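Asks: Structure file entry27.txt (compact mmCIF, C-alpha atoms) is given on the next line.
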# COMPACT_ATOMS: atom_id res chain seq x y z
CA MET K 1 -13.87 36.77 4.44
CA THR K 2 -14.45 37.00 0.69
CA LEU K 3 -11.94 35.08 -1.40
CA ASP K 4 -9.63 37.17 -3.58
CA VAL K 5 -10.32 35.09 -6.67
CA GLU K 6 -8.13 37.08 -9.03
CA LYS K 7 -5.18 36.59 -6.68
CA ILE K 8 -6.01 32.89 -6.34
CA ARG K 9 -6.16 32.45 -10.12
CA LYS K 10 -2.57 33.64 -10.46
CA ASP K 11 -1.48 30.56 -8.49
CA PHE K 12 -2.87 28.18 -11.15
CA PRO K 13 -0.68 28.04 -14.26
CA ILE K 14 -3.19 26.02 -16.29
CA LEU K 15 -5.80 28.80 -16.04
CA LYS K 16 -3.66 30.85 -18.42
CA SER K 17 -4.28 28.21 -21.10
CA MET K 18 -6.36 28.60 -24.23
CA ALA K 19 -8.93 26.01 -25.33
CA ASN K 20 -9.89 26.02 -29.01
CA GLY K 21 -8.59 29.55 -29.29
CA LYS K 22 -10.64 30.79 -26.32
CA PRO K 23 -9.57 31.45 -22.71
CA LEU K 24 -10.02 28.26 -20.73
CA VAL K 25 -13.09 28.17 -18.47
CA TYR K 26 -12.66 25.11 -16.29
CA LEU K 27 -15.97 23.94 -14.78
CA ASP K 28 -15.26 20.24 -14.19
CA ASN K 29 -13.98 20.46 -10.63
CA ALA K 30 -16.10 17.56 -9.38
CA ALA K 31 -14.00 15.32 -11.63
CA THR K 32 -10.63 16.78 -10.65
CA ALA K 33 -9.32 20.12 -9.43
CA GLN K 34 -6.49 22.09 -10.96
CA LYS K 35 -3.19 22.40 -9.08
CA PRO K 36 -1.67 25.60 -7.68
CA ARG K 37 2.04 26.29 -8.09
CA GLN K 38 2.46 25.70 -4.34
CA VAL K 39 1.51 22.04 -4.84
CA ILE K 40 3.49 21.69 -8.06
CA ASN K 41 6.54 23.22 -6.36
CA ALA K 42 6.22 20.97 -3.29
CA VAL K 43 6.28 17.85 -5.46
CA SER K 44 9.13 19.20 -7.56
CA LYS K 45 11.14 20.14 -4.45
CA HIS K 46 10.73 16.63 -3.07
CA TYR K 47 12.13 15.11 -6.23
CA LYS K 48 14.99 17.60 -6.28
CA LYS K 49 15.98 17.52 -2.61
CA SER K 50 14.50 14.61 -0.65
CA ASN K 51 13.65 11.76 -3.02
CA ALA K 52 14.14 8.47 -1.17
CA ASN K 53 11.99 5.61 0.04
CA VAL K 54 10.31 5.99 3.41
CA HIS K 55 10.66 3.74 6.46
CA ARG K 56 13.61 1.97 4.81
CA GLY K 57 16.91 3.81 5.06
CA ILE K 58 18.76 5.28 8.05
CA TYR K 59 20.63 7.81 5.93
CA LYS K 60 19.59 11.47 6.05
CA LEU K 61 17.79 11.61 2.69
CA ALA K 62 15.55 8.69 3.65
CA GLU K 63 14.96 10.13 7.10
CA ASP K 64 13.95 13.48 5.55
CA ALA K 65 11.51 11.75 3.19
CA THR K 66 10.05 9.72 6.06
CA ALA K 67 9.62 12.81 8.21
CA GLN K 68 7.77 14.61 5.38
CA TYR K 69 5.57 11.58 4.79
CA ILE K 70 4.57 11.32 8.44
CA LYS K 71 4.08 15.11 8.60
CA SER K 72 1.67 14.86 5.68
CA LYS K 73 -0.45 12.42 7.67
CA GLU K 74 -0.47 14.76 10.65
CA THR K 75 -1.57 17.58 8.32
CA VAL K 76 -4.42 15.46 6.91
CA ALA K 77 -5.53 14.35 10.39
CA LYS K 78 -5.75 17.92 11.69
CA PHE K 79 -7.53 19.11 8.56
CA VAL K 80 -10.41 16.64 8.94
CA GLY K 81 -10.53 16.64 12.74
CA ALA K 82 -9.06 13.19 13.34
CA GLU K 83 -7.50 12.65 16.76
CA SER K 84 -4.34 11.00 15.43
CA TYR K 85 -2.54 10.28 12.19
CA ARG K 86 -2.78 6.61 13.20
CA SER K 87 -6.32 6.81 11.79
CA VAL K 88 -5.14 8.14 8.41
CA ILE K 89 -4.37 5.52 5.77
CA TYR K 90 -3.22 6.37 2.27
CA PHE K 91 -4.62 4.54 -0.72
CA ARG K 92 -4.59 5.44 -4.41
CA SER K 93 -8.06 6.95 -4.33
CA THR K 94 -11.43 7.08 -2.62
CA THR K 95 -12.32 4.06 -4.75
CA GLU K 96 -9.47 1.93 -3.43
CA ALA K 97 -10.20 3.03 0.14
CA ILE K 98 -13.82 1.85 -0.12
CA ASN K 99 -12.74 -1.41 -1.74
CA ALA K 100 -10.29 -1.94 1.12
CA VAL K 101 -13.11 -1.63 3.66
CA ALA K 102 -15.41 -3.89 1.66
CA ARG K 103 -12.68 -6.55 1.62
CA ALA K 104 -10.77 -6.18 4.89
CA TRP K 105 -13.81 -5.36 7.03
CA GLY K 106 -16.70 -6.68 4.94
CA ASP K 107 -15.41 -10.18 4.27
CA VAL K 108 -15.02 -10.76 8.00
CA ASN K 109 -18.12 -9.03 9.35
CA VAL K 110 -20.82 -9.59 6.72
CA ASP K 111 -22.46 -13.01 6.61
CA LYS K 112 -25.05 -14.78 4.47
CA GLY K 113 -28.41 -13.01 4.68
CA ASP K 114 -27.02 -9.84 6.24
CA HIS K 115 -28.11 -6.48 4.86
CA ILE K 116 -25.84 -3.84 3.31
CA LEU K 117 -27.44 -0.41 2.96
CA ILE K 118 -26.35 2.25 0.46
CA THR K 119 -28.31 4.90 -1.48
CA GLU K 120 -29.59 5.49 -4.99
CA MET K 121 -27.38 8.57 -5.40
CA GLU K 122 -24.04 6.80 -5.00
CA HIS K 123 -21.00 6.97 -7.24
CA HIS K 124 -20.06 3.60 -8.72
CA SER K 125 -17.17 3.50 -6.25
CA ASN K 126 -19.71 3.23 -3.45
CA ILE K 127 -21.95 0.76 -5.29
CA VAL K 128 -19.80 -1.82 -7.04
CA PRO K 129 -17.62 -2.87 -4.03
CA TRP K 130 -20.80 -3.56 -2.04
CA GLN K 131 -22.38 -5.45 -4.93
CA MET K 132 -19.25 -7.61 -5.06
CA LEU K 133 -19.31 -8.11 -1.28
CA ALA K 134 -23.01 -9.04 -1.36
CA LYS K 135 -22.34 -11.67 -4.05
CA ARG K 136 -19.32 -13.08 -2.21
CA LYS K 137 -21.17 -13.38 1.08
CA GLU K 138 -24.71 -13.97 -0.25
CA ALA K 139 -25.83 -10.83 1.56
CA VAL K 140 -28.71 -8.49 0.66
CA LEU K 141 -27.93 -5.09 -0.87
CA ASP K 142 -30.56 -2.43 -0.09
CA TYR K 143 -30.86 1.14 -1.41
CA VAL K 144 -32.28 4.26 0.25
CA LYS K 145 -34.56 5.95 -2.26
CA VAL K 146 -34.04 9.44 -3.71
CA SER K 147 -37.16 11.63 -3.52
CA ASP K 148 -38.02 14.05 -6.33
CA GLY K 149 -34.53 13.70 -7.81
CA LYS K 150 -33.13 15.78 -4.96
CA PHE K 151 -32.87 14.34 -1.45
CA LEU K 152 -32.71 10.99 0.26
CA ASP K 153 -36.07 9.74 1.49
CA HIS K 154 -35.85 10.01 5.29
CA ASP K 155 -38.74 7.62 5.94
CA ASP K 156 -37.23 5.04 3.61
CA PHE K 157 -33.89 5.38 5.41
CA VAL K 158 -35.58 4.74 8.75
CA SER K 159 -37.44 1.75 7.29
CA LYS K 160 -34.27 0.21 5.84
CA LEU K 161 -32.40 0.74 9.11
CA SER K 162 -35.02 -1.41 10.83
CA LEU K 163 -33.51 -4.34 8.91
CA LYS K 164 -30.33 -3.88 11.00
CA PRO K 165 -27.81 -3.56 8.14
CA LYS K 166 -24.27 -4.59 8.98
CA ILE K 167 -22.91 -1.53 7.18
CA VAL K 168 -24.44 1.72 5.94
CA ALA K 169 -22.45 3.49 3.21
CA PHE K 170 -23.42 6.83 1.66
CA SER K 171 -21.95 9.90 -0.02
CA HIS K 172 -21.58 13.08 1.99
CA VAL K 173 -22.24 15.05 -1.21
CA SER K 174 -23.73 13.73 -4.47
CA ASN K 175 -21.44 14.27 -7.45
CA VAL K 176 -24.48 14.55 -9.75
CA LEU K 177 -27.14 16.37 -7.75
CA GLY K 178 -24.90 18.41 -5.47
CA THR K 179 -27.09 17.27 -2.56
CA ILE K 180 -25.37 17.62 0.82
CA ASN K 181 -26.52 14.75 2.99
CA GLN K 182 -26.86 15.14 6.75
CA ALA K 183 -23.83 13.00 7.52
CA GLN K 184 -23.76 13.40 11.29
CA GLU K 185 -27.47 12.74 11.73
CA MET K 186 -27.44 9.74 9.37
CA THR K 187 -24.40 8.29 11.12
CA LYS K 188 -26.07 8.63 14.52
CA MET K 189 -29.21 6.90 13.26
CA ALA K 190 -27.20 4.09 11.68
CA HIS K 191 -25.17 3.54 14.86
CA GLU K 192 -28.39 3.36 16.87
CA ALA K 193 -29.46 0.57 14.52
CA GLY K 194 -26.21 -1.26 15.26
CA SER K 195 -24.62 -0.54 11.88
CA THR K 196 -21.05 0.32 10.95
CA VAL K 197 -20.87 3.48 8.80
CA LEU K 198 -18.72 4.42 5.80
CA ILE K 199 -18.98 7.84 4.17
CA ASP K 200 -17.73 8.72 0.69
CA GLY K 201 -16.43 12.25 1.26
CA ALA K 202 -14.78 12.81 -2.12
CA GLN K 203 -17.08 15.74 -2.96
CA ALA K 204 -17.22 17.15 0.57
CA VAL K 205 -13.70 17.51 1.99
CA PRO K 206 -12.46 19.79 -0.86
CA HIS K 207 -15.41 22.16 -0.59
CA MET K 208 -16.57 22.60 3.01
CA PRO K 209 -15.45 22.16 6.61
CA VAL K 210 -15.48 18.46 7.54
CA ASN K 211 -14.80 17.10 11.02
CA VAL K 212 -14.72 13.32 11.09
CA SER K 213 -14.70 13.22 14.90
CA GLU K 214 -17.96 15.17 15.05
CA ILE K 215 -19.55 13.13 12.27
CA ASN K 216 -18.41 9.99 14.12
CA ALA K 217 -18.49 7.66 11.10
CA ASP K 218 -16.42 4.50 11.38
CA PHE K 219 -14.84 5.11 7.98
CA TYR K 220 -14.56 8.28 5.89
CA ALA K 221 -12.85 8.30 2.46
CA PHE K 222 -11.73 11.11 0.15
CA SER K 223 -9.26 11.87 -2.68
CA GLY K 224 -6.34 14.27 -3.02
CA HIS K 225 -6.81 15.17 -6.69
CA LYS K 226 -10.22 16.74 -6.07
CA MET K 227 -8.78 19.12 -3.45
CA LEU K 228 -5.86 20.67 -5.38
CA GLY K 229 -3.53 17.73 -4.64
CA PRO K 230 -1.85 15.22 -6.95
CA SER K 231 -3.54 12.21 -8.49
CA GLY K 232 -2.93 8.76 -7.06
CA ILE K 233 -3.35 9.68 -3.39
CA GLY K 234 -6.52 8.93 -1.47
CA VAL K 235 -7.33 8.88 2.23
CA LEU K 236 -9.22 6.47 4.41
CA TYR K 237 -9.95 7.71 7.91
CA GLY K 238 -10.97 4.90 10.21
CA SER K 239 -11.84 4.38 13.83
CA GLU K 240 -8.65 3.18 15.52
CA GLU K 241 -10.56 0.51 17.40
CA ILE K 242 -11.98 -0.94 14.20
CA LEU K 243 -8.73 -0.59 12.27
CA GLU K 244 -6.82 -2.41 15.00
CA GLY K 245 -9.15 -5.38 14.59
CA MET K 246 -8.95 -5.48 10.79
CA ALA K 247 -6.51 -7.57 8.80
CA PRO K 248 -4.49 -5.80 6.09
CA PHE K 249 -5.93 -5.35 2.62
CA HIS K 250 -2.56 -5.61 0.83
CA GLY K 251 0.47 -7.68 1.75
CA GLY K 252 4.14 -6.88 1.17
CA GLY K 253 6.90 -4.70 2.49
CA ASP K 254 6.46 -2.10 5.24
CA MET K 255 3.10 -3.42 6.48
CA ILE K 256 4.82 -6.21 8.42
CA ARG K 257 6.50 -6.45 11.81
CA THR K 258 8.03 -9.89 11.24
CA VAL K 259 8.08 -12.33 8.33
CA ASP K 260 8.89 -16.03 8.56
CA PHE K 261 8.55 -18.70 5.89
CA GLN K 262 5.04 -19.65 6.98
CA GLU K 263 3.64 -16.70 8.95
CA SER K 264 3.96 -12.94 9.34
CA THR K 265 2.89 -10.39 11.92
CA TRP K 266 1.61 -6.92 11.13
CA ASN K 267 3.01 -3.45 11.68
CA GLU K 268 1.24 -0.91 13.87
CA LEU K 269 -1.33 1.60 12.59
CA PRO K 270 -1.46 3.09 10.06
CA TRP K 271 1.42 1.29 8.41
CA LYS K 272 -0.13 -2.19 8.44
CA PHE K 273 -2.48 -1.06 5.66
CA GLU K 274 0.24 0.52 3.48
CA ALA K 275 2.12 -2.26 1.70
CA GLY K 276 5.04 -1.48 -0.57
CA THR K 277 6.42 1.85 -1.70
CA GLN K 278 3.80 4.51 -1.25
CA ASN K 279 2.97 7.59 -3.30
CA ILE K 280 5.38 9.71 -1.26
CA GLU K 281 5.33 12.70 -3.58
CA GLY K 282 1.53 12.50 -3.66
CA ALA K 283 1.39 12.67 0.13
CA ILE K 284 3.71 15.66 0.18
CA GLY K 285 1.65 17.37 -2.54
CA LEU K 286 -1.57 16.65 -0.64
CA ALA K 287 -0.13 18.29 2.48
CA ALA K 288 0.75 21.35 0.40
CA ALA K 289 -2.80 21.44 -1.02
CA ILE K 290 -4.27 21.30 2.49
CA LYS K 291 -2.03 24.14 3.64
CA TYR K 292 -3.27 26.18 0.68
CA LEU K 293 -6.92 25.49 1.52
CA LYS K 294 -6.36 26.21 5.22
CA ARG K 295 -4.94 29.63 4.36
CA LEU K 296 -8.13 30.40 2.45
CA GLY K 297 -10.38 28.95 5.18
CA MET K 298 -12.85 26.22 4.36
CA GLU K 299 -15.78 28.34 5.52
CA ASN K 300 -14.73 30.92 2.91
CA VAL K 301 -14.36 28.23 0.26
CA ARG K 302 -17.90 27.07 1.00
CA GLU K 303 -19.34 30.59 0.91
CA HIS K 304 -17.64 31.36 -2.41
CA GLU K 305 -19.10 28.22 -3.95
CA LYS K 306 -22.56 28.97 -2.57
CA THR K 307 -22.42 32.40 -4.19
CA LEU K 308 -21.32 30.96 -7.53
CA THR K 309 -23.87 28.15 -7.42
CA SER K 310 -26.72 30.49 -6.53
CA TYR K 311 -25.72 32.79 -9.39
CA ALA K 312 -25.49 29.89 -11.84
CA LEU K 313 -28.84 28.45 -10.76
CA ASP K 314 -30.44 31.84 -11.28
CA ARG K 315 -28.93 32.20 -14.76
CA LEU K 316 -29.86 28.63 -15.73
CA SER K 317 -33.44 29.08 -14.52
CA HIS K 318 -33.91 31.55 -17.38
CA ALA K 319 -31.95 29.53 -19.93
CA GLY K 320 -34.57 26.96 -20.94
CA VAL K 321 -32.95 23.95 -19.28
CA THR K 322 -34.05 21.44 -16.65
CA ILE K 323 -31.97 21.61 -13.48
CA HIS K 324 -31.44 18.39 -11.55
CA GLY K 325 -31.01 18.36 -7.78
CA PRO K 326 -31.70 20.99 -5.11
CA GLY K 327 -32.34 24.56 -6.24
CA LYS K 328 -31.74 28.05 -4.87
CA GLU K 329 -34.31 27.52 -2.13
CA ASP K 330 -32.08 24.80 -0.64
CA MET K 331 -28.62 26.37 -0.88
CA ASP K 332 -27.62 25.12 2.58
CA LYS K 333 -28.11 21.59 1.25
CA LYS K 334 -26.54 22.22 -2.15
CA ALA K 335 -22.86 21.96 -3.11
CA GLY K 336 -21.21 23.61 -6.12
CA VAL K 337 -22.42 20.98 -8.59
CA ILE K 338 -25.17 21.56 -11.15
CA SER K 339 -26.39 18.91 -13.57
CA PHE K 340 -28.95 19.91 -16.17
CA SER K 341 -30.53 18.81 -19.41
CA MET K 342 -31.89 20.55 -22.50
CA LYS K 343 -34.72 19.16 -24.57
CA GLY K 344 -33.50 18.26 -28.05
CA ALA K 345 -29.82 18.22 -27.12
CA HIS K 346 -27.74 15.25 -26.00
CA ALA K 347 -25.39 15.87 -23.10
CA HIS K 348 -22.32 15.01 -25.19
CA ASP K 349 -23.32 17.48 -27.91
CA ILE K 350 -23.73 20.20 -25.29
CA ALA K 351 -20.30 19.46 -23.82
CA GLN K 352 -18.63 19.47 -27.23
CA ILE K 353 -20.19 22.80 -28.17
CA PHE K 354 -19.21 24.24 -24.80
CA ASP K 355 -15.66 23.03 -25.50
CA SER K 356 -15.64 24.92 -28.80
CA GLU K 357 -16.26 28.03 -26.71
CA GLY K 358 -13.41 27.18 -24.33
CA VAL K 359 -15.68 25.90 -21.56
CA ALA K 360 -14.80 22.55 -19.99
CA ILE K 361 -17.78 20.75 -18.47
CA ARG K 362 -18.49 17.07 -17.90
CA SER K 363 -21.16 15.05 -19.68
CA GLY K 364 -22.32 11.49 -19.12
CA HIS K 365 -23.66 9.53 -16.18
CA HIS K 366 -20.77 10.71 -13.96
CA CYS K 367 -20.07 7.22 -12.63
CA ALA K 368 -23.57 7.26 -11.16
CA MET K 369 -25.44 5.39 -13.87
CA PRO K 370 -28.37 4.15 -11.75
CA LEU K 371 -29.06 7.68 -10.51
CA VAL K 372 -28.88 9.31 -13.93
CA THR K 373 -30.67 6.65 -15.98
CA LYS K 374 -33.20 5.32 -13.46
CA ILE K 375 -33.93 8.27 -11.15
CA LEU K 376 -33.38 11.25 -13.46
CA ASN K 377 -34.51 9.19 -16.48
CA GLU K 378 -31.77 10.62 -18.71
CA PRO K 379 -29.21 8.78 -20.85
CA ALA K 380 -26.62 11.34 -19.76
CA VAL K 381 -26.49 14.86 -18.32
CA PRO K 382 -24.10 17.79 -18.63
CA ARG K 383 -22.59 18.99 -15.34
CA MET K 384 -20.95 22.21 -14.23
CA SER K 385 -18.96 22.16 -10.98
CA PHE K 386 -17.19 25.06 -9.31
CA TYR K 387 -14.17 25.74 -7.14
CA ILE K 388 -12.11 28.50 -5.56
CA TYR K 389 -10.77 29.93 -8.83
CA ASN K 390 -14.08 30.18 -10.71
CA THR K 391 -15.87 33.49 -11.32
CA GLN K 392 -19.32 34.75 -12.21
CA ALA K 393 -17.89 35.92 -15.53
CA GLU K 394 -16.97 32.32 -16.34
CA ILE K 395 -20.52 31.26 -15.55
CA ASP K 396 -21.74 33.95 -17.93
CA THR K 397 -19.52 32.45 -20.64
CA ALA K 398 -21.00 29.02 -19.95
CA ILE K 399 -24.57 30.32 -20.12
CA ALA K 400 -23.78 32.12 -23.37
CA SER K 401 -22.56 28.78 -24.74
CA LEU K 402 -26.12 27.47 -24.38
CA ASP K 403 -27.16 29.93 -27.08
CA LYS K 404 -24.50 28.38 -29.31
CA VAL K 405 -25.98 24.95 -28.58
CA ARG K 406 -29.42 26.13 -29.71
CA GLU K 407 -27.98 27.77 -32.79
CA ILE K 408 -26.02 24.72 -33.93
CA LEU K 409 -28.71 22.16 -33.04
CA LYS K 410 -31.54 24.43 -34.23
CA ILE K 411 -33.44 24.26 -30.91
CA GLN K 412 -36.19 26.81 -30.26
CA ARG K 413 -36.53 28.46 -26.84
As structure tokens - that is how I would like this structure written.
Replies:
Amino acid sequence: MTLDVEKIRKDFPILKSMANGKPLVYLDNAATAQKPRQVINAVSKHYKKSNANVHRGIYKLAEDATAQYIKSKETVAKFVGAESYRSVIYFRSTTEAINAVARAWGDVNVDKGDHILITEMEHHSNIVPWQMLAKRKEAVLDYVKVSDGKFLDHDDFVSKLSLKPKIVAFSHVSNVLGTINQAQEMTKMAHEAGSTVLIDGAQAVPHMPVNVSEINADFYAFSGHKMLGPSGIGVLYGSEEILEGMAPFHGGGDMIRTVDFQESTWNELPWKFEAGTQNIEGAIGLAAAIKYLKRLGMENVREHEKTLTSYALDRLSHAGVTIHGPGKEDMDKKAGVISFSMKGAHAHDIAQIFDSEGVAIRSGHHCAMPLVTKILNEPAVPRMSFYIYNTQAEIDTAIASLDKVREILKIQR
């Protein structure tokens, strides 16, 4: 089914905005997605009709809020193919979810001299927590190489697995290159090496079908705000067996079963990892976002983005820029993210000139500084990223903005 993009766009109030006197063209979806009225209304309705703390009160308002909160977890579990909402833990973000694993699992299971394996294409959220763990435990942090600025080096992955890393952590989709990694195959290989596996799915779950049971990773993390949901809500899926054996990351109310002056016992899954008052409205908004995406169909979302990305790659190939990451010949391994560079133009200048034309793109190292500066050998890169409400006409506007860049910076083709 082809997405009815014009109908979809009517659901997003912000897309009616003007930017510097021009119609807004929003192409920074890898950073955060815009919110449809269905999500905005769900959050507003909660505040108007069911605002109360969860798991606390026995009055109807609190029971209604609790029921919605639990229902949101069931919605998330079904969306990503988890067997039970007991495996779904809410954190503030993908970042906090990964930090929770590095602390609650890593501090117990990683010892001096052990290896931790990640990749050169990771977001800082999937680098820094492991650096910190390695320093705390005097472990060794290894990186799988990126070949030709596009894909992970398979032979290097196999070689590093021979070192029997305690944990292997990698992104399902690169937020800079748009590379789609073979998550199921990599997980299988890592398990065969005796490793625990964590996948950063922040750029995957919003844009393509993801089934965590089929992938079989031990941990899989993603964020609500990148998939039409509110900010401040992130998800950690974890193997129930592993989660049962982990101690909590945070301590406080709701995550306990009993508390005495000297000792406490923990609540059952998933609540033992959710201390204090949670982002209840965020959970309700996330459930509304998932319902919206399910109505569209994630296969259709993926196909729409492939069409847009292929079109943009074709236009950019004739625009005098260098494209980073997989190209049109590898569309099955390419998400709707395109980073590029133009000789004679700094990424920030490009982004500012695009903004003057009403086009919102990202520039910088995209929280992947080692990848951008060491592998791509750029101080920063501009990035366009697409979603369900973007059109080919918007891509045309972005490409036309490149002519404005050349004009202002006096760059010859």
Asks: For a cutoff of 10 Å around the file-coordinate point (-7.4, 15.6, -4.0), which residues qualify once you count all atoms listed in the file? I'd like the result as a VMD selection string.
Replies: chain K and resid 32 to 35 93 to 94 202 to 203 205 to 206 222 to 235 282 285 to 286 289 to 290
Asks: Can I get the selection written as an mmCIF file, keeping the file's coordinate frame, with C-alpha atoms?
Replies:
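Listing of selection15.cif after writing:
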data_model
loop_
_atom_site.group_PDB
_atom_site.id
_atom_site.type_symbol
_atom_site.label_atom_id
_atom_site.label_comp_id
_atom_site.auth_asym_id
_atom_site.auth_seq_id
_atom_site.Cartn_x
_atom_site.Cartn_y
_atom_site.Cartn_z
ATOM 1 C CA THR K 32 -10.630 16.780 -10.650
ATOM 2 C CA ALA K 33 -9.320 20.120 -9.430
ATOM 3 C CA GLN K 34 -6.490 22.090 -10.960
ATOM 4 C CA LYS K 35 -3.190 22.400 -9.080
ATOM 5 C CA SER K 93 -8.060 6.950 -4.330
ATOM 6 C CA THR K 94 -11.430 7.080 -2.620
ATOM 7 C CA ALA K 202 -14.780 12.810 -2.120
ATOM 8 C CA GLN K 203 -17.080 15.740 -2.960
ATOM 9 C CA VAL K 205 -13.700 17.510 1.990
ATOM 10 C CA PRO K 206 -12.460 19.790 -0.860
ATOM 11 C CA PHE K 222 -11.730 11.110 0.150
ATOM 12 C CA SER K 223 -9.260 11.870 -2.680
ATOM 13 C CA GLY K 224 -6.340 14.270 -3.020
ATOM 14 C CA HIS K 225 -6.810 15.170 -6.690
ATOM 15 C CA LYS K 226 -10.220 16.740 -6.070
ATOM 16 C CA MET K 227 -8.780 19.120 -3.450
ATOM 17 C CA LEU K 228 -5.860 20.670 -5.380
ATOM 18 C CA GLY K 229 -3.530 17.730 -4.640
ATOM 19 C CA PRO K 230 -1.850 15.220 -6.950
ATOM 20 C CA SER K 231 -3.540 12.210 -8.490
ATOM 21 C CA GLY K 232 -2.930 8.760 -7.060
ATOM 22 C CA ILE K 233 -3.350 9.680 -3.390
ATOM 23 C CA GLY K 234 -6.520 8.930 -1.470
ATOM 24 C CA VAL K 235 -7.330 8.880 2.230
ATOM 25 C CA GLY K 282 1.530 12.500 -3.660
ATOM 26 C CA GLY K 285 1.650 17.370 -2.540
ATOM 27 C CA LEU K 286 -1.570 16.650 -0.640
ATOM 28 C CA ALA K 289 -2.800 21.440 -1.020
ATOM 29 C CA ILE K 290 -4.270 21.300 2.490
#
Asks: Between K:Gln352, K:Ser84, K:Asn99, K:Thr307, single out the one closest to K:Ala221, counting only C-alpha atoms.
Replies: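 Under the stated criterion, the closest residue is K:Asn99.
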Asks: Considering only C-alpha atoms, state which residue in the set K:Ala287, K:Pro209, K:Pro165, K:Ala183 is at the smallest distance from K:Glu299.
Replies: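 Going through K:Ala287, K:Pro209, K:Pro165, K:Ala183 one by one, the smallest distance to K:Glu299 is for K:Pro209.
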Asks: Choose the residue, out of K:Arg86, K:His115, K:His124, K:Lys7, that has the smallest atom-to-atom separation from K:Lys164; count all atoms listed in the file.
Replies: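 Residue with the minimum atom-to-atom distance to K:Lys164: K:His115.
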Asks: One decimal, in Å: what's the spacing between atom CA of K:Arg136 and atom CA of K:Gly113?
Replies: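 Computing it gives 11.4 Å between the two atoms.
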Asks: Each side padded by 4 Å, which centre and which edge lengths in Å (one decimal) define the axis-aligned box around the listed atoms of stretch 273-280 of chain K? Give them as JSON.
Replies:
{"center_x": 2.0, "center_y": 3.7, "center_z": 1.2, "size_x": 16.9, "size_y": 20.0, "size_z": 17.0}
Asks: Using all atoms listed in the file, which of K:Val101, K:Ala65, K:Ile215, K:Val176 sits nearest K:Thr373?
Replies: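 Looking only at the distances to K:Thr373, the closest residue turns out to be K:Val176.
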Asks: Which residue is closest to K:Thr119? Choose from K:Tyr292, K:Tyr237, K:Phe170, K:Tyr90 and count all atoms listed in the file.
Replies: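 Smallest distance to K:Thr119 is found for K:Phe170.
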Asks: For K:Gln392, find every residue with an atom within 12 Å (counting all atoms listed in the file), except residues of its own chain fewer than 5 positions away, and show them as a list in words.
Replies: Val5, Glu6, Val25, Leu27, His304, Glu305, Lys306, Thr307, Leu308, Thr309, Ser310, Tyr311, Ala312, Leu313, Asp314, Arg315, Phe386, Tyr387, Thr397, Ala398 and Ile399 of chain K
Asks: Between atom CA of K:Leu141 and atom CA of K:Asn126, what is the distance in Å, rounded to a tenth?
Replies: 12.0 Å
Asks: Pull out stretch 142-153 of chain K, keep N, CA and C atoms, and write it as a PDB file, in the first residue's frame.
Replies:
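Written output follows (decode-v2.pdb):
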ATOM      1  N   ASP K 142      36.786  -2.955  22.504  1.00  0.00           N
ATOM      2  CA  ASP K 142      37.155  -3.182  21.107  1.00  0.00           C
ATOM      3  C   ASP K 142      36.090  -2.595  20.176  1.00  0.00           C
ATOM      4  N   TYR K 143      36.507  -2.278  18.938  1.00  0.00           N
ATOM      5  CA  TYR K 143      35.606  -1.707  17.938  1.00  0.00           C
ATOM      6  C   TYR K 143      35.646  -2.521  16.651  1.00  0.00           C
ATOM      7  N   VAL K 144      34.486  -2.832  16.096  1.00  0.00           N
ATOM      8  CA  VAL K 144      34.403  -3.422  14.763  1.00  0.00           C
ATOM      9  C   VAL K 144      34.595  -2.301  13.750  1.00  0.00           C
ATOM     10  N   LYS K 145      35.471  -2.513  12.798  1.00  0.00           N
ATOM     11  CA  LYS K 145      35.787  -1.481  11.816  1.00  0.00           C
ATOM     12  C   LYS K 145      34.646  -1.243  10.829  1.00  0.00           C
ATOM     13  N   VAL K 146      34.606  -0.029  10.284  1.00  0.00           N
ATOM     14  CA  VAL K 146      33.700   0.329   9.196  1.00  0.00           C
ATOM     15  C   VAL K 146      34.502   0.335   7.904  1.00  0.00           C
ATOM     16  N   SER K 147      34.029  -0.403   6.901  1.00  0.00           N
ATOM     17  CA  SER K 147      34.728  -0.500   5.615  1.00  0.00           C
ATOM     18  C   SER K 147      34.172   0.508   4.617  1.00  0.00           C
ATOM     19  N   ASP K 148      35.058   1.251   3.988  1.00  0.00           N
ATOM     20  CA  ASP K 148      34.677   2.170   2.900  1.00  0.00           C
ATOM     21  C   ASP K 148      33.625   3.184   3.326  1.00  0.00           C
ATOM     22  N   GLY K 149      33.576   3.500   4.631  1.00  0.00           N
ATOM     23  CA  GLY K 149      32.605   4.481   5.099  1.00  0.00           C
ATOM     24  C   GLY K 149      31.167   4.060   4.895  1.00  0.00           C
ATOM     25  N   LYS K 150      30.920   2.743   4.821  1.00  0.00           N
ATOM     26  CA  LYS K 150      29.563   2.277   4.532  1.00  0.00           C
ATOM     27  C   LYS K 150      29.081   1.187   5.472  1.00  0.00           C
ATOM     28  N   PHE K 151      29.790   0.041   5.468  1.00  0.00           N
ATOM     29  CA  PHE K 151      29.312  -1.142   6.171  1.00  0.00           C
ATOM     30  C   PHE K 151      30.336  -1.630   7.195  1.00  0.00           C
ATOM     31  N   LEU K 152      29.838  -2.378   8.171  1.00  0.00           N
ATOM     32  CA  LEU K 152      30.740  -3.015   9.116  1.00  0.00           C
ATOM     33  C   LEU K 152      31.560  -4.083   8.413  1.00  0.00           C
ATOM     34  N   ASP K 153      32.802  -4.199   8.825  1.00  0.00           N
ATOM     35  CA  ASP K 153      33.725  -5.183   8.248  1.00  0.00           C
ATOM     36  C   ASP K 153      33.419  -6.555   8.851  1.00  0.00           C
TER      37      ASP K 153
END
